[in-house]
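First comes the structure, then the notes that go with it.
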Amino acid sequence: MAASPICGVLLVDKPVGPTSFAVVRQVRRVLRVKKVGHAGSLDPFASGLLVVCVGRPATRLSDRLMAGRKHYRAEIRLGVETDTYDGEGKEVACRPVEGLDPQRIETALAGFRGEIMQAPPPFSALKHQGRPLYYYARRGEPVRKEPRPVRVYRLELLSFAEDRLVVDIECGKGTYVRSLAADLGRELGCGAHLAGLRRLAVGPFAVDQAVAGDGLAAMPADELAARLLPVAQVEELLAAS
């Protein structure tokens, strides 16, 4: 009898550095499965939960997985704006950080809770006339998309010291934490960018369930395959969430 094809959902704790596609490529190489994708990318500077779909039945769940709530821990640097809205971009403005206290920050954060209008960052994979926005931005021809509604279910200040904020964010599909950081900086009057990001959960799945991404290359194929969540189990969890 032929062996059953390898199929399922793999939860990976992506480290800072590699792209999401690099993690997918590593899973594909270890498991020797061609049809592998992810349900929502993380930028190279970000870490945390990357949901990897292995095999065709699992990849068909991608849209449902991406539709779930996301939970992030974000570090925001105040006083410096960049063209990419994160620490990897070119600095475009610098202002002093003055007169801020937790109460003023809390008042600003309150305006970003619930359903808000948010413009995607010019350096993003969102398409315009068939090409991602970063294609135009890299050519010096940034495209400004109109703000669109997104939902922020929870936004909490965890710490504030000098020019750094750490916030906890639970948000819906299509929300850009980079844009939220930049918009918050404008609201506070000093500008800001996203200095660090860690994704803690996607829908019913948490990062503490994930396999370490920096150990994928050394993991035996049978051990990695054993970490796959069956498609039927994933469907049940999505239906219950």
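Labels used: A, B, ... for chains in the order of the structure tokens, numbers from 1 for residues in each chain, and numbers from 1 for ligands as shown.
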
Practice prompt. Find the spatial neighbours of range 48-65 of chain A, counting only C-alpha atoms, within a cut-off of 6 Å - ignore same-chain residues fewer than 4 positions away - and output them as a ChimeraX atom specification.
Written response: /A:7-14,35-39,198-200,207,231

Give me, as a tab-separated table, the closest atom pair and its distance (Å, one decimal) for every residue of range 8-58 of chain A within a cut-off of 12 Å of range 161-185 of chain A, counting only C-alpha atoms, rows sorted by chain and rising number.
```
residue	atom	partner	partner_atom	distance
A:Ala39	CA	A:Lys173	CA	11.3
A:Gly40	CA	A:Lys173	CA	9.5
A:Ser41	CA	A:Tyr176	CA	11.6
A:Leu42	CA	A:Tyr176	CA	11.0
A:Asp43	CA	A:Arg178	CA	10.5
A:Phe45	CA	A:Arg178	CA	11.7
A:Ala46	CA	A:Arg178	CA	11.0
```

Go ahead and write the selection's residues with C-alpha atoms as an mmCIF file, in the first residue's frame.
```
data_model
loop_
_atom_site.group_PDB
_atom_site.id
_atom_site.type_symbol
_atom_site.label_atom_id
_atom_site.label_comp_id
_atom_site.auth_asym_id
_atom_site.auth_seq_id
_atom_site.Cartn_x
_atom_site.Cartn_y
_atom_site.Cartn_z
ATOM 1 C CA ALA A 39 -1.280 31.882 5.626
ATOM 2 C CA GLY A 40 -0.112 35.452 6.156
ATOM 3 C CA SER A 41 3.489 36.618 5.823
ATOM 4 C CA LEU A 42 5.776 38.228 8.387
ATOM 5 C CA ASP A 43 8.370 40.811 7.381
ATOM 6 C CA PHE A 45 12.462 42.066 10.845
ATOM 7 C CA ALA A 46 9.440 40.459 12.559
#
```

Give me, as a PDB file with N, CA and C atoms, in the first residue's frame, all polymer residues having an atom no more than 12 Å from Gln103 in chain A, counting only C-alpha atoms and skipping those fewer than 6 positions away in the same chain.
```pdb
ATOM      1  N   LEU A 109      -4.179  56.202  21.857  1.00  0.00           N
ATOM      2  CA  LEU A 109      -4.462  54.810  21.524  1.00  0.00           C
ATOM      3  C   LEU A 109      -5.964  54.559  21.399  1.00  0.00           C
ATOM      4  N   ALA A 110      -6.751  55.225  22.206  1.00  0.00           N
ATOM      5  CA  ALA A 110      -8.204  55.017  22.186  1.00  0.00           C
ATOM      6  C   ALA A 110      -8.794  55.307  20.809  1.00  0.00           C
ATOM      7  N   LEU A 157      -1.332  49.607  26.026  1.00  0.00           N
ATOM      8  CA  LEU A 157       0.024  50.072  26.303  1.00  0.00           C
ATOM      9  C   LEU A 157       0.634  49.195  27.390  1.00  0.00           C
ATOM     10  N   PHE A 160       6.219  52.326  28.503  1.00  0.00           N
ATOM     11  CA  PHE A 160       6.636  53.567  27.850  1.00  0.00           C
ATOM     12  C   PHE A 160       7.872  54.075  28.566  1.00  0.00           C
ATOM     13  N   LEU A 188       0.414  61.700  17.973  1.00  0.00           N
ATOM     14  CA  LEU A 188       1.156  62.212  19.130  1.00  0.00           C
ATOM     15  C   LEU A 188       1.993  63.442  18.781  1.00  0.00           C
TER      16      LEU A 188
END
```

Discussion item. Based on the backbone DSSP call, show me all residues of range 73-199 of chain A assigned strand (DSSP E), as a ChimeraX atom specification.
Written reply: /A:73-78,80-82,91-94,114-118,127-128,131-132,148-161,164-171,192-199

Worksheet, complete the sentence: note - CA of Val202 in chain A and CA of Ser47 in chain A are separated by 13.2 Å

Worksheet item: If you run DSSP on this backbone, which residues of range 5-239 of chain A come out as alpha helix (DSSP H), and could you give them as a ChimeraX atom specification?
Response: /A:20-31,56-59,62-66,102-110,133-138,177-188,221-225,231-239

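If you measure from each of A:Leu194, A:Leu238, A:Ile116, A:Val97 to Tyr153 in chain A using only C-alpha atoms, the closest one turns out to be A:Ile116.
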
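Near Pro102 in chain A, within a cut-off of 9 Å and counting only C-alpha atoms, sit the residues Leu100, Arg104, Ile105, Glu106, Thr107, Leu157, Ser159 and Phe160 of chain A, with same-chain residues fewer than 2 positions away left out.
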
Take the residues that were just selected and, keeping C-alpha atoms, output them as a PDB file, in the first residue's frame.
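So the final result, stored in result31.pdb, reads:
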```
ATOM      1  CA  LEU A 100       4.296  62.665  26.561  1.00  0.00           C
ATOM      2  CA  ARG A 104      -1.718  61.221  26.729  1.00  0.00           C
ATOM      3  CA  ILE A 105      -0.582  58.050  25.005  1.00  0.00           C
ATOM      4  CA  GLU A 106      -3.679  56.204  26.236  1.00  0.00           C
ATOM      5  CA  THR A 107      -5.904  58.971  24.854  1.00  0.00           C
ATOM      6  CA  LEU A 157       0.024  50.072  26.303  1.00  0.00           C
ATOM      7  CA  SER A 159       5.351  50.073  28.660  1.00  0.00           C
ATOM      8  CA  PHE A 160       6.636  53.567  27.850  1.00  0.00           C
TER       9      PHE A 160
END
```

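As for CA of Pro120 in chain A and CA of Arg95 in chain A, they are spaced 23.1 Å apart.
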
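Proximity to Val152 in chain A was assessed for A:Ala119, A:Val30, A:Ala232, A:Gly111 counting only C-alpha atoms; the smallest distance is recorded for A:Gly111.
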
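Taking CA of Asp208 in chain A and CA of Leu224 in chain A as endpoints, the distance between them is 16.1 Å.
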
Worksheet, complete the sentence: Restricting to only C-alpha atoms, whichever of A:Thr19, A:Ser241, A:Thr82, A:Gln26 is closest to Ala192 in chain A is A:Thr82

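Minimum atom-to-atom distances from A:Cys190, A:Ala240, A:Ala218, A:Ala225 to Gly99 in chain A were compared using only C-alpha atoms, and the lowest value belongs to A:Cys190.
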
Worksheet item: Nearest to Glu81 in chain A: which of A:Leu237, A:Ala195, A:Cys94, A:Ile6 is it, counting only C-alpha atoms?
Response: A:Cys94
